[in-house]
Amino acid sequence: MERDKLYKEIQDNLFYAASNQTLSHAFIFEGSKDSKKEVMATELSKRILDTEHLENCSDYFVVTNEKMNIETIRFINRDCYIKPFKAKKIYIFEDAMKMTPVMQNAFLKTLEEPPSDVLFILICENARGLLDTVRSRCISYYFPSEDTSLDIDKALKEQIESFFENLIEKNEIGIIQYMEDLKNQKDDIDVVIDAFMDYTRDILITKERSDYLSYCIAENELVDTLASSFTHFQLLTIIDIIEDTRKKLSSRCNYNLTCEAMLFNIMEVIK
């Protein structure tokens, strides 16, 4: 399975860096709730601290949602300068999106100039919820969903691929035509939105792989082309737009107007 293969590649890359002491001091592990981003954070921590029982390790600290407050950030800012008992002190942020701008700014100085024996892992569903200054000081990895139940039929996949091809060619007529497809898919819009999101994330995965796993080669030539045609920021913004559309449709906003807004907002991203 492609997702398991990607997970293994990311794991190999991180484990190799850890064993060679070339691991970055800060990471963002991004992905949906059912992805394996938390599993990766745990496995990497076990590897670094050489233990199967992280709960007994004083160098391992998990910032849960209940602990996510300014006092905890201030504690970390002080505590990370105390020497670890083992190789590193590791701080896992269970849901980094819970950090307010004030908390992120309070953490920024430590993130910019951390001790050499500290590792921060910020886990989140969407890194766009973090300040640019925070994201720029972390290496990001995207973990795709483990939900394999979505089986995109050939016609739907071709529609989405055609949309992205029209997008990079700035073919407004082709994009407007896709609106007609969406009008005919109102009863199945949840499946369409999921497929749209899944395909966009596949493009992002390919781009992430080319950024951090340069020895990998994309298996889908079109996805590879799309990955090279969009910036990381553009793809994340498109994902935000699709997710916002899902929420609006769930709130029973006007179907046609919401879908039109989604397509035109995506067009604006690449202008």
# chains A, B, ... in the order shown; residues from 1 in each chain; ligands from 1

call {"tool": "select_by_dssp", "arguments": {"residues": "segment 91-167 of chain A", "states": "alpha helix (DSSP H)", "output": "PyMOL selection string"}}
result
chain A and resi 101-112+132-135+154-167

call {"tool": "residues_around", "arguments": {"residues": "Ile139 of chain A", "least_positions_apart": "6", "cutoff": "7 Å", "atoms": "only C-alpha atoms", "output": "list of chain:residue names"}}
result
A:Ala26, A:Phe27, A:Ile28

call {"tool": "residues_around", "arguments": {"residues": "segment 196-209 of chain A", "least_positions_apart": "4", "cutoff": "8 Å", "atoms": "only C-alpha atoms", "output": "PyMOL selection string"}}
result
chain A and resi 141-144+160+192+213-214+216+218+223-224+226-228+232+235-236+238-239+242-243

call {"tool": "select_by_dssp", "arguments": {"residues": "segment 20-203 of chain A", "states": "strand (DSSP E or B)", "output": "NGL selection string"}}
result
:A and (26-31 or 60-63 or 89-93 or 118-124 or 139-143)

call {"tool": "residues_around", "arguments": {"residues": "segment 45-50 of chain A", "least_positions_apart": "4", "cutoff": "9 Å", "atoms": "only C-alpha atoms", "output": "PyMOL selection string"}}
result
chain A and resi 15+18-19+40-41+54+57+59-60+86-90

call {"tool": "residues_around", "arguments": {"residues": "Val62 of chain A", "least_positions_apart": "6", "cutoff": "9 Å", "atoms": "only C-alpha atoms", "output": "VMD selection string"}}
result
chain A and resid 90 to 94

call {"tool": "write_last_selection", "arguments": {"atoms": "C-alpha atoms", "output": "tab-separated table (two decimals), in the first residue's frame"}}
result
chain	number	residue	atom	x	y	z
A	90	ILE	CA	11.84	15.14	23.74
A	91	TYR	CA	8.73	17.31	23.84
A	92	ILE	CA	5.67	16.08	21.94
A	93	PHE	CA	2.85	18.55	21.33
A	94	GLU	CA	-0.26	16.38	21.09

call {"tool": "residues_around", "arguments": {"residues": "Phe164 of chain A", "least_positions_apart": "5", "cutoff": "9 Å", "atoms": "only C-alpha atoms", "output": "VMD selection string"}}
result
chain A and resid 159 169 175 226

call {"tool": "write_last_selection", "arguments": {"atoms": "C-alpha atoms", "output": "mmCIF file, in the first residue's frame"}}
result
data_model
loop_
_atom_site.group_PDB
_atom_site.id
_atom_site.type_symbol
_atom_site.label_atom_id
_atom_site.label_comp_id
_atom_site.auth_asym_id
_atom_site.auth_seq_id
_atom_site.Cartn_x
_atom_site.Cartn_y
_atom_site.Cartn_z
ATOM 1 C CA GLN A 159 -12.588 14.570 -13.488
ATOM 2 C CA GLU A 169 -2.804 25.615 -17.558
ATOM 3 C CA ILE A 175 -12.507 24.874 -14.637
ATOM 4 C CA LEU A 226 1.409 18.560 -10.511
#

call {"tool": "closest_residue", "arguments": {"among": "A:Leu167, A:Ile173, A:Ile193, A:Met97", "to": "Ile270 of chain A", "atoms": "only C-alpha atoms"}}
result
A:Leu167

call {"tool": "atom_distance", "arguments": {"atom1": "atom CA of Leu130 of chain A", "atom2": "atom CA of Ser32 of chain A"}}
result
15.8 Å

call {"tool": "atom_distance", "arguments": {"atom1": "atom CA of Gln104 of chain A", "atom2": "atom CA of Lys33 of chain A"}}
result
22.1 Å

call {"tool": "residues_around", "arguments": {"residues": "Thr110 of chain A", "least_positions_apart": "5", "cutoff": "12 Å", "atoms": "only C-alpha atoms", "output": "MDAnalysis selection string"}}
result
chainID A and resid 25:26 73:81 103:105 115:116 118:120 134 137

call {"tool": "atom_distance", "arguments": {"atom1": "atom CA of Ser229 of chain A", "atom2": "atom CA of Glu165 of chain A"}}
result
10.0 Å

call {"tool": "closest_residue", "arguments": {"among": "A:Gln185, A:Ser251, A:Asn126, A:Asn69", "to": "Ala106 of chain A", "atoms": "only C-alpha atoms"}}
result
A:Asn69

call {"tool": "closest_residue", "arguments": {"among": "A:Ala195, A:Ala127, A:Leu108, A:Ile70", "to": "Phe233 of chain A", "atoms": "only C-alpha atoms"}}
result
A:Ala127
